[in-house]
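File shown: model_30.txt. Contents: compact mmCIF, C-alpha atoms.
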```txt
# COMPACT_ATOMS: atom_id res chain seq x y z
CA MET A 23 88.97 82.13 115.61
CA THR A 24 87.70 84.57 118.19
CA ALA A 25 88.84 87.90 119.58
CA GLU A 26 87.77 90.21 122.34
CA CYS A 27 86.05 93.55 121.74
CA VAL A 28 88.18 96.32 123.26
CA GLU A 29 85.06 98.37 123.97
CA CYS A 30 82.71 95.93 125.71
CA GLY A 31 84.81 92.82 126.22
CA GLY A 32 82.39 90.72 124.16
CA GLU A 33 83.62 87.77 122.14
CA ILE A 34 83.76 88.22 118.37
CA SER A 35 84.02 85.35 115.87
CA LEU A 36 86.34 85.99 112.96
CA ALA A 37 86.36 84.12 109.64
CA ASP A 38 89.43 81.97 108.96
CA ASP A 39 90.41 84.17 106.02
CA THR A 40 90.31 87.40 108.04
CA GLU A 41 93.02 89.82 106.94
CA ILE A 42 95.02 92.32 108.95
CA GLY A 43 93.48 95.68 108.11
CA GLU A 44 89.89 94.46 107.89
CA ILE A 45 87.12 96.12 109.87
CA VAL A 46 84.62 94.14 111.90
CA ASP A 47 81.61 95.29 113.91
CA CYS A 48 81.20 94.03 117.45
CA PRO A 49 77.84 92.18 117.47
CA THR A 50 77.31 93.14 121.11
CA CYS A 51 78.08 96.88 121.26
CA GLY A 52 78.35 97.79 117.56
CA THR A 53 81.83 99.31 117.82
CA GLU A 54 83.83 99.29 114.58
CA LEU A 55 87.06 97.41 115.17
CA GLU A 56 90.19 97.03 113.09
CA VAL A 57 91.95 93.68 112.90
CA VAL A 58 95.58 94.51 113.76
CA ASP A 59 96.79 90.93 114.08
CA VAL A 60 95.46 87.50 113.21
CA ASN A 61 97.88 85.20 114.97
CA PRO A 62 96.53 85.48 117.59
CA PRO A 63 93.68 87.80 116.57
CA VAL A 64 93.86 91.29 118.07
CA LEU A 65 91.35 94.09 117.58
CA GLU A 66 91.60 97.83 118.11
CA ARG A 67 89.04 100.60 117.74
CA ALA A 68 88.86 101.50 114.03
CA PRO A 69 89.89 105.02 112.99
CA GLU A 70 87.10 107.55 112.57
CA LEU A 71 85.99 108.40 109.03
CA GLU A 72 88.21 111.11 107.48
CA GLU A 73 87.13 113.66 104.92
CA ASP A 74 89.56 112.46 102.23
CA TRP A 75 88.57 108.80 102.38
CA GLY A 76 87.11 107.05 99.39
CA GLU A 77 87.55 106.78 95.68
CA MET H 28 105.12 88.42 90.52
CA ASN H 29 105.23 90.14 93.86
CA VAL H 30 102.55 92.80 94.15
CA GLY H 31 102.93 95.47 96.80
CA MET H 32 99.47 96.57 97.89
CA LEU H 33 99.32 100.01 99.52
CA TYR H 34 96.48 100.14 102.00
CA SER H 35 95.28 101.36 105.34
CA ARG H 36 92.05 99.39 105.36
CA ILE H 37 91.21 96.08 103.75
CA ARG H 38 87.76 96.52 102.29
CA LYS H 39 85.92 93.83 100.38
CA ASP H 40 87.49 95.20 97.18
CA GLU H 41 91.03 94.64 98.48
CA LYS H 42 90.07 91.23 99.84
CA LEU H 43 88.81 90.15 96.43
CA LEU H 44 92.06 91.30 94.84
CA LEU H 45 94.21 89.60 97.49
CA SER H 46 92.36 86.35 97.02
CA GLU H 47 92.60 86.51 93.19
CA LEU H 48 96.33 87.29 93.30
CA ARG H 49 97.13 84.52 95.79
CA ASP H 50 94.97 81.98 93.93
CA ARG H 51 97.14 82.60 90.87
CA GLY H 52 100.29 81.98 92.86
CA HIS H 53 101.43 85.58 93.08
CA GLU H 54 103.08 86.89 96.19
CA VAL H 55 101.46 89.87 97.83
CA THR H 56 103.26 92.30 100.10
CA LYS H 57 100.64 94.19 102.06
CA ILE H 58 101.98 97.65 102.84
CA ASP H 59 100.07 99.50 105.54
CA VAL H 60 101.09 103.07 104.71
CA ARG H 61 100.36 104.19 108.28
CA LYS H 62 103.27 102.13 109.52
CA GLN H 63 105.92 103.27 107.04
CA GLN H 64 108.28 106.24 106.85
CA PHE H 65 108.96 107.43 103.31
CA ASN H 66 112.49 108.73 102.91
CA VAL H 67 113.06 110.97 99.87
CA SER H 68 116.09 108.92 98.75
CA THR H 69 115.85 105.43 100.18
CA PRO H 70 112.78 103.20 99.85
CA PRO H 71 111.46 101.51 102.99
CA ALA H 72 112.66 97.89 103.18
CA VAL H 73 109.12 96.61 102.67
CA PHE H 74 109.47 97.49 98.96
CA ASP H 75 112.63 95.40 98.47
CA ASP H 76 111.10 92.42 96.65
CA VAL H 77 108.13 94.10 95.09
CA ASP H 78 107.75 94.00 91.26
CA ILE H 79 104.78 96.31 90.97
CA VAL H 80 102.80 98.40 93.44
CA LEU H 81 99.02 98.67 93.47
CA ASP H 82 97.66 101.74 95.22
CA ARG H 83 94.60 100.88 97.26
CA CYS H 84 94.95 103.66 99.83
CA LEU H 85 91.66 104.61 101.40
CA ALA H 86 92.84 108.16 102.13
CA THR H 87 93.34 110.33 99.06
CA SER H 88 96.08 112.42 100.68
CA ARG H 89 98.15 109.30 101.34
CA SER H 90 97.51 107.96 97.86
CA LEU H 91 98.79 111.18 96.29
CA TYR H 92 102.03 111.24 98.27
CA VAL H 93 102.86 107.56 98.45
CA THR H 94 102.45 106.98 94.70
CA ARG H 95 104.90 109.88 94.17
CA PHE H 96 107.40 108.20 96.48
CA VAL H 97 107.00 104.81 94.83
CA GLU H 98 107.55 106.28 91.39
CA ALA H 99 110.61 108.15 92.67
CA TYR H 100 111.98 104.85 94.00
CA GLY H 101 111.79 103.50 90.44
CA ILE H 102 109.12 100.93 91.22
CA PRO H 103 106.18 100.64 88.79
CA VAL H 104 102.98 101.84 90.42
CA VAL H 105 99.34 101.73 89.41
CA ASN H 106 97.77 104.09 89.22
CA ARG H 107 100.51 106.56 88.43
CA PRO H 108 100.79 109.66 90.65
CA GLU H 109 99.90 111.95 87.73
CA THR H 110 96.65 110.04 87.29
CA ALA H 111 95.96 110.17 91.03
CA GLU H 112 96.49 113.91 91.00
CA LEU H 113 94.09 114.46 88.10
CA CYS H 114 91.42 112.26 89.65
CA ALA H 115 91.67 113.16 93.33
CA ASP H 116 90.77 116.81 92.81
CA LYS H 117 87.47 117.57 91.08
CA VAL H 118 88.80 120.82 89.60
CA LYS H 119 91.76 119.09 87.96
CA ASN H 120 89.51 116.23 86.89
CA SER H 121 87.00 118.55 85.19
CA LEU H 122 89.81 120.53 83.54
CA ALA H 123 91.44 117.35 82.21
CA LEU H 124 88.14 116.08 80.79
CA ALA H 125 87.18 119.42 79.23
CA SER H 126 90.68 119.95 77.79
CA ALA H 127 90.51 116.51 76.16
CA GLY H 128 87.15 117.35 74.60
CA VAL H 129 85.28 114.80 76.74
CA PRO H 130 81.71 115.99 77.39
CA THR H 131 81.51 116.95 81.06
CA PRO H 132 79.01 119.07 83.01
CA GLU H 133 79.44 122.83 82.78
CA THR H 134 81.59 123.80 85.76
CA GLU H 135 83.04 126.97 87.28
CA VAL H 136 85.35 127.64 90.19
CA ALA H 137 85.23 130.76 92.36
CA PHE H 138 87.23 131.71 95.42
CA THR H 139 84.95 134.05 97.33
CA LYS H 140 81.35 133.83 98.50
CA GLU H 141 80.43 136.86 96.37
CA SER H 142 81.91 135.57 93.13
CA ALA H 143 80.54 132.07 93.78
CA LEU H 144 77.08 133.57 94.21
CA GLU H 145 77.41 135.39 90.90
CA SER H 146 78.33 132.12 89.24
CA ILE H 147 75.44 130.29 90.90
CA GLU H 148 72.92 132.95 89.83
CA ARG H 149 74.22 132.75 86.28
CA PHE H 150 73.78 128.96 86.23
CA GLY H 151 70.27 129.33 87.69
CA TYR H 152 68.59 126.92 90.09
CA PRO H 153 68.96 124.10 90.86
CA VAL H 154 72.74 124.12 90.78
CA VAL H 155 75.31 121.86 92.40
CA LEU H 156 78.12 122.77 94.77
CA LYS H 157 80.73 120.09 95.43
CA PRO H 158 83.83 119.84 97.61
CA VAL H 159 86.98 119.62 95.48
CA ILE H 160 88.19 116.60 97.45
CA GLY H 161 85.73 114.03 98.68
CA SER H 162 83.87 110.89 97.90
CA TRP H 163 80.82 108.75 98.48
CA GLY H 164 78.53 111.71 97.81
CA ARG H 165 79.52 113.49 100.99
CA LEU H 166 79.11 117.28 101.38
CA MET H 167 77.42 117.63 98.01
CA ALA H 168 74.79 120.35 97.81
CA LYS H 169 71.95 120.68 95.32
CA ILE H 170 70.99 124.32 95.73
CA ASP H 171 67.43 125.31 94.90
CA SER H 172 67.35 128.99 95.85
CA ARG H 173 69.45 132.08 96.46
CA ASN H 174 68.69 131.86 100.18
CA ALA H 175 70.13 128.33 100.32
CA ALA H 176 73.14 129.37 98.22
CA GLU H 177 73.97 132.27 100.55
CA ALA H 178 73.67 130.06 103.62
CA ILE H 179 75.78 127.19 102.26
CA LEU H 180 78.50 129.52 100.93
CA GLU H 181 78.69 131.36 104.25
CA HIS H 182 78.93 128.10 106.18
CA LYS H 183 81.67 126.78 103.90
CA GLU H 184 83.60 130.04 104.05
CA THR H 185 83.29 130.31 107.85
CA LEU H 186 83.60 126.73 109.01
CA GLY H 187 85.54 125.03 106.27
CA HIS H 188 89.10 123.97 105.74
CA TYR H 189 90.74 126.11 103.04
CA GLU H 190 89.80 123.56 100.38
CA HIS H 191 86.13 124.31 101.10
CA LYS H 192 86.76 127.91 100.08
CA VAL H 193 87.50 126.70 96.56
CA PHE H 194 83.90 126.79 95.37
CA TYR H 195 83.27 124.18 92.68
CA ILE H 196 79.98 125.05 91.01
CA GLN H 197 78.40 122.76 88.48
CA GLU H 198 75.26 122.69 86.39
CA PHE H 199 72.60 120.33 87.72
CA VAL H 200 72.20 117.51 85.21
CA ASP H 201 68.64 116.25 85.21
CA LYS H 202 69.58 112.61 84.82
CA PRO H 203 66.93 109.86 84.61
CA GLY H 204 67.28 108.80 88.26
CA ARG H 205 70.52 106.97 87.67
CA ASP H 206 74.12 107.32 86.64
CA ILE H 207 76.54 104.85 85.08
CA ARG H 208 79.76 103.49 86.59
CA VAL H 209 82.22 101.83 84.23
CA VAL H 210 85.35 100.17 85.58
CA ALA H 211 88.03 100.24 82.92
CA THR H 212 91.66 99.22 82.54
CA ASP H 213 93.61 101.59 80.31
CA GLY H 214 90.37 102.70 78.71
CA GLU H 215 88.97 99.21 78.05
CA PRO H 216 85.67 98.70 79.87
CA VAL H 217 85.72 95.72 82.25
CA ALA H 218 82.14 95.96 83.46
CA ALA H 219 79.48 98.58 84.02
CA MET H 220 76.44 99.20 86.17
CA ALA H 221 73.66 101.72 86.52
CA ARG H 222 73.16 103.18 89.99
CA SER H 223 69.57 104.24 90.64
CA SER H 224 67.98 106.21 93.41
CA GLU H 225 65.03 108.50 94.02
CA HIS H 226 67.53 110.85 95.65
CA TRP H 227 69.50 113.14 93.33
CA LEU H 228 72.69 111.48 94.59
CA THR H 229 73.07 108.02 93.09
CA ASN H 230 76.29 106.85 94.76
CA ALA H 231 76.33 103.20 95.78
CA ALA H 232 77.63 104.43 99.15
CA LYS H 233 74.40 106.43 99.52
CA GLY H 234 72.32 103.29 99.07
CA ALA H 235 71.57 103.45 95.34
CA THR H 236 70.36 100.20 93.79
CA THR H 237 72.58 98.76 91.09
CA THR H 238 71.85 96.91 87.87
CA ALA H 239 74.16 95.69 85.13
CA PHE H 240 74.61 98.15 82.27
CA GLU H 241 75.57 97.13 78.76
CA VAL H 242 78.30 99.38 77.42
CA ASP H 243 77.37 100.76 73.98
CA ALA H 244 79.78 102.15 71.40
CA GLU H 245 79.31 105.73 72.61
CA VAL H 246 80.05 104.87 76.23
CA GLU H 247 83.02 102.78 75.14
CA ALA H 248 84.48 105.73 73.25
CA LEU H 249 83.84 108.14 76.12
CA VAL H 250 85.46 105.80 78.63
CA ARG H 251 88.51 105.46 76.39
CA ASP H 252 88.81 109.24 76.01
CA ALA H 253 88.21 109.93 79.70
CA SER H 254 90.82 107.37 80.66
CA GLU H 255 93.33 108.87 78.26
CA ALA H 256 92.59 112.35 79.62
CA VAL H 257 93.86 111.32 83.06
CA GLY H 258 96.72 109.10 81.92
CA GLY H 259 95.03 105.69 81.91
CA GLY H 260 95.19 102.94 84.51
CA LEU H 261 92.57 101.16 86.59
CA LEU H 262 89.74 103.65 86.72
CA GLY H 263 86.09 104.11 87.55
CA VAL H 264 84.46 106.37 84.99
CA ASP H 265 81.12 107.90 86.01
CA LEU H 266 78.69 109.08 83.36
CA MET H 267 75.21 110.55 83.30
CA GLU H 268 72.64 110.18 80.53
CA THR H 269 71.49 113.47 79.01
CA GLY H 270 68.71 112.48 76.63
CA ASP H 271 70.44 110.84 73.68
CA ASP H 272 73.97 111.57 74.90
CA TYR H 273 76.19 111.13 77.91
CA THR H 274 78.31 113.40 80.02
CA VAL H 275 81.28 112.24 82.08
CA HIS H 276 81.17 113.82 85.52
CA GLU H 277 84.06 112.05 87.21
CA VAL H 278 86.95 109.63 86.88
CA ASN H 279 88.03 107.77 90.03
CA HIS H 280 91.57 106.49 90.54
CA THR H 281 91.18 104.17 93.55
CA VAL H 282 88.01 102.64 92.24
CA GLU H 283 85.79 100.49 94.42
CA PHE H 284 84.20 97.62 92.52
CA LYS H 285 82.56 95.32 95.05
CA ALA H 286 79.06 96.52 94.12
CA LEU H 287 79.89 96.12 90.42
CA ASN H 288 81.24 92.62 91.02
CA GLU H 289 77.99 91.62 92.74
CA THR H 290 75.84 93.27 90.07
CA THR H 291 77.33 91.89 86.87
CA GLU H 292 78.32 88.47 85.59
CA ILE H 293 81.88 89.68 85.06
CA ASP H 294 84.59 88.57 87.46
CA VAL H 295 85.94 92.07 88.08
CA PRO H 296 88.91 91.16 90.34
CA ALA H 297 90.00 88.52 87.81
CA ALA H 298 89.91 91.10 85.01
CA VAL H 299 91.86 93.57 87.17
CA VAL H 300 94.52 90.98 87.95
CA ASP H 301 94.73 89.97 84.24
CA TRP H 302 95.51 93.59 83.48
CA LEU H 303 97.93 93.89 86.39
CA GLU H 304 99.85 90.85 85.13
CA GLU H 305 100.11 92.48 81.69
CA ARG H 306 101.30 95.74 83.20
CA ALA H 307 103.90 93.93 85.32
CA ALA H 308 105.15 91.98 82.29
CA GLU H 309 105.46 95.19 80.25
CA THR H 310 107.42 96.98 82.96
CA VAL H 311 109.76 94.02 83.46
CA GLN H 312 110.36 93.92 79.69
CA ALA H 313 110.98 97.68 79.63
CA ARG H 314 113.60 97.34 82.34
CA VAL H 315 115.52 94.58 80.48
```

Could you render the structure from this file as structure tokens?
Amino acid sequence: MTAECVECGGEISLADDTEIGEIVDCPTCGTELEVVDVNPPVLERAPELEEDWGE
Amino acid sequence: MNVGMLYSRIRKDEKLLLSELRDRGHEVTKIDVRKQQFNVSTPPAVFDDVDIVLDRCLATSRSLYVTRFVEAYGIPVVNRPETAELCADKVKNSLALASAGVPTPETEVAFTKESALESIERFGYPVVLKPVIGSWGRLMAKIDSRNAAEAILEHKETLGHYEHKVFYIQEFVDKPGRDIRVVATDGEPVAAMARSSEHWLTNAAKGATTTAFEVDAEVEALVRDASEAVGGGLLGVDLMETGDDYTVHEVNHTVEFKALNETTEIDVPAAVVDWLEERAAETVQARV
């Protein structure tokens, strides 16, 4: 499946097992994108890194 | 069973767990905590059919609160909020380890620049200053001189959030270029790896190289004790070698294991799900 980058409009291929909540990088502009839906696939800009993230 | 997975980002770790759970025929309810409202009396409807909740929140603040809510709703949650609280904050983590007699680096906390500097001078250089909340080796300082100490303390005091004014000062452990990460379930080691780097920080997130590490009897005992000190659960126990012994510098409660899974022969997500199935069975039995 494919989706459109919200930053540059480029086409992004997504694996069939892509999950809502995954992050993908746009191969054209490098923007980090969050998968917010898979049927059909929809991408949004991923949230910026927060200080309390991580294990 | 139906596993509720708390998340805000599906990393490779969560994907491995999702795939293992679904392959075994379990239902998974993915719960994006950003989209929920947590009422103090009534659970959100998304929890209705869930048998056990697995906290995989990326943000520590959310993990701390949501696990409290889930426990208050009477739904079993791993890890438990008490464990999250003891692991999320380095001060509480160090206190728990030291109180349980687990060897851990010498650590002091001070609340002003002046008293922190006194502590630092007493430790001698190099010395380590860490944020009380944080991960992936971020904002860690190895301080080599009084000039550097004064500058870093002033910056933290002036620019930082109030948590950065809790100065967590720790002895610098001259480890042999690596530390050890053990993933454990209720104190039983699942798999372990050494993380090596020429940099003093050896976090995998900082680009350390990883190799499988064979857990010896001493590490096994330390992992068991460290796990017990924070209330058990699915944990990442970090140790450093100090000559012939080890010291436990941290226990992590939302442990990432993708690097470990790629480094060792052990199927880490399978072992985690084995344990989760046992935990779910125990809690169901306890409710009957």

- Task: Name all residues at most 8 Å from range 224-234 of chain H (count only C-alpha atoms; drop same-chain ones fewer than 5 positions away) and give them as a PyMOL selection string.
- Result: chain H and resi 163-164+204-206+286

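Residues from chain H that have an atom within 9 Å of chain A, counting all atoms listed in the file, are Tyr34, Ser35, Arg36, Ile37, Arg38, Lys39, Lys42, Asp59, Cys84, Leu85, Ala86, Thr87, Ser88, Ala115, Ile160, Gly161, Ser162, Trp163, Arg165, Gly263, Asn279, His280, Thr281, Val282 and Glu283 of chain H.
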
Can you pull out the residues contacting Leu122 in chain H? Cut-off 10 Å, using only C-alpha atoms, and skip same-chain residues under 4 positions away; I want them as a PDB file with C-alpha atoms, in the frame of the given file.
```pdb
ATOM      1  CA  LEU H 113      94.090 114.460  88.100  1.00  0.00           C
ATOM      2  CA  LYS H 117      87.470 117.570  91.080  1.00  0.00           C
ATOM      3  CA  VAL H 118      88.800 120.820  89.600  1.00  0.00           C
ATOM      4  CA  SER H 126      90.680 119.950  77.790  1.00  0.00           C
ATOM      5  CA  ALA H 127      90.510 116.510  76.160  1.00  0.00           C
ATOM      6  CA  GLY H 128      87.150 117.350  74.600  1.00  0.00           C
ATOM      7  CA  VAL H 129      85.280 114.800  76.740  1.00  0.00           C
ATOM      8  CA  THR H 131      81.510 116.950  81.060  1.00  0.00           C
ATOM      9  CA  THR H 134      81.590 123.800  85.760  1.00  0.00           C
ATOM     10  CA  ALA H 256      92.590 112.350  79.620  1.00  0.00           C
TER      11      ALA H 256
END
```

- Message: What's around range 63-66 of chain A at 12 Å? Count all atoms listed in the file, leave out sequence neighbours fewer than 3 positions away in its own chain, and write the answer as a ChimeraX atom specification.
- Response: /A:23-48,53-60,69

- Message: List the spatial neighbours of range 60-70 of chain H as a PyMOL selection string - criterion: any atom at most 12 Å away, all atoms listed in the file, same-chain residues fewer than 3 positions off excluded.
- Response: (chain A and resi 43+58+69) or (chain H and resi 31-36+56-57+73-77+82-86+88-102)

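Picture a line from CA of Ala307 in chain H to CA of Gly52 in chain H; it runs 14.6 Å.
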
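Compared by their closest atoms to Arg107 in chain H, and using all atoms listed in the file, the residues H:Asp78, H:Glu148, H:Glu184, H:Asp213 rank with H:Asp213 nearest.
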
Could range 53-69 of chain A be completed with N, CA and C atoms and returned as a PDB file, in the coordinates of the input?
```pdb
ATOM      1  N   THR A  53      80.602  98.560 118.096  1.00  0.00           N
ATOM      2  CA  THR A  53      81.830  99.310 117.820  1.00  0.00           C
ATOM      3  C   THR A  53      82.535  98.764 116.581  1.00  0.00           C
ATOM      4  N   GLU A  54      83.034  99.695 115.748  1.00  0.00           N
ATOM      5  CA  GLU A  54      83.830  99.290 114.580  1.00  0.00           C
ATOM      6  C   GLU A  54      85.245  98.994 115.038  1.00  0.00           C
ATOM      7  N   LEU A  55      85.740  97.838 114.694  1.00  0.00           N
ATOM      8  CA  LEU A  55      87.060  97.410 115.170  1.00  0.00           C
ATOM      9  C   LEU A  55      87.952  97.040 113.992  1.00  0.00           C
ATOM     10  N   GLU A  56      89.225  97.379 114.129  1.00  0.00           N
ATOM     11  CA  GLU A  56      90.190  97.030 113.090  1.00  0.00           C
ATOM     12  C   GLU A  56      90.972  95.793 113.534  1.00  0.00           C
ATOM     13  N   VAL A  57      91.145  94.863 112.617  1.00  0.00           N
ATOM     14  CA  VAL A  57      91.950  93.680 112.900  1.00  0.00           C
ATOM     15  C   VAL A  57      93.415  94.082 112.748  1.00  0.00           C
ATOM     16  N   VAL A  58      94.165  94.093 113.855  1.00  0.00           N
ATOM     17  CA  VAL A  58      95.580  94.510 113.760  1.00  0.00           C
ATOM     18  C   VAL A  58      96.518  93.315 113.799  1.00  0.00           C
ATOM     19  N   ASP A  59      95.998  92.152 114.163  1.00  0.00           N
ATOM     20  CA  ASP A  59      96.790  90.930 114.080  1.00  0.00           C
ATOM     21  C   ASP A  59      95.835  89.757 113.937  1.00  0.00           C
ATOM     22  N   VAL A  60      96.335  88.674 113.343  1.00  0.00           N
ATOM     23  CA  VAL A  60      95.460  87.500 113.210  1.00  0.00           C
ATOM     24  C   VAL A  60      96.032  86.269 113.920  1.00  0.00           C
ATOM     25  N   ASN A  61      97.249  86.370 114.366  1.00  0.00           N
ATOM     26  CA  ASN A  61      97.880  85.200 114.970  1.00  0.00           C
ATOM     27  C   ASN A  61      98.632  85.559 116.246  1.00  0.00           C
ATOM     28  N   PRO A  62      97.961  85.663 117.387  1.00  0.00           N
ATOM     29  CA  PRO A  62      96.530  85.480 117.590  1.00  0.00           C
ATOM     30  C   PRO A  62      95.763  86.752 117.189  1.00  0.00           C
ATOM     31  N   PRO A  63      94.455  86.629 116.988  1.00  0.00           N
ATOM     32  CA  PRO A  63      93.680  87.800 116.570  1.00  0.00           C
ATOM     33  C   PRO A  63      93.637  88.902 117.634  1.00  0.00           C
ATOM     34  N   VAL A  64      93.897  90.127 117.181  1.00  0.00           N
ATOM     35  CA  VAL A  64      93.860  91.290 118.070  1.00  0.00           C
ATOM     36  C   VAL A  64      93.052  92.386 117.380  1.00  0.00           C
ATOM     37  N   LEU A  65      92.185  93.022 118.134  1.00  0.00           N
ATOM     38  CA  LEU A  65      91.350  94.090 117.580  1.00  0.00           C
ATOM     39  C   LEU A  65      91.626  95.405 118.289  1.00  0.00           C
ATOM     40  N   GLU A  66      91.521  96.489 117.515  1.00  0.00           N
ATOM     41  CA  GLU A  66      91.600  97.830 118.110  1.00  0.00           C
ATOM     42  C   GLU A  66      90.411  98.635 117.582  1.00  0.00           C
ATOM     43  N   ARG A  67      90.104  99.732 118.269  1.00  0.00           N
ATOM     44  CA  ARG A  67      89.040 100.600 117.740  1.00  0.00           C
ATOM     45  C   ARG A  67      89.460 101.097 116.355  1.00  0.00           C
ATOM     46  N   ALA A  68      88.543 101.054 115.389  1.00  0.00           N
ATOM     47  CA  ALA A  68      88.860 101.500 114.030  1.00  0.00           C
ATOM     48  C   ALA A  68      88.956 103.020 113.989  1.00  0.00           C
ATOM     49  N   PRO A  69      89.814 103.554 113.096  1.00  0.00           N
ATOM     50  CA  PRO A  69      89.890 105.020 112.990  1.00  0.00           C
ATOM     51  C   PRO A  69      88.552 105.613 112.549  1.00  0.00           C
TER      52      PRO A  69
END
```
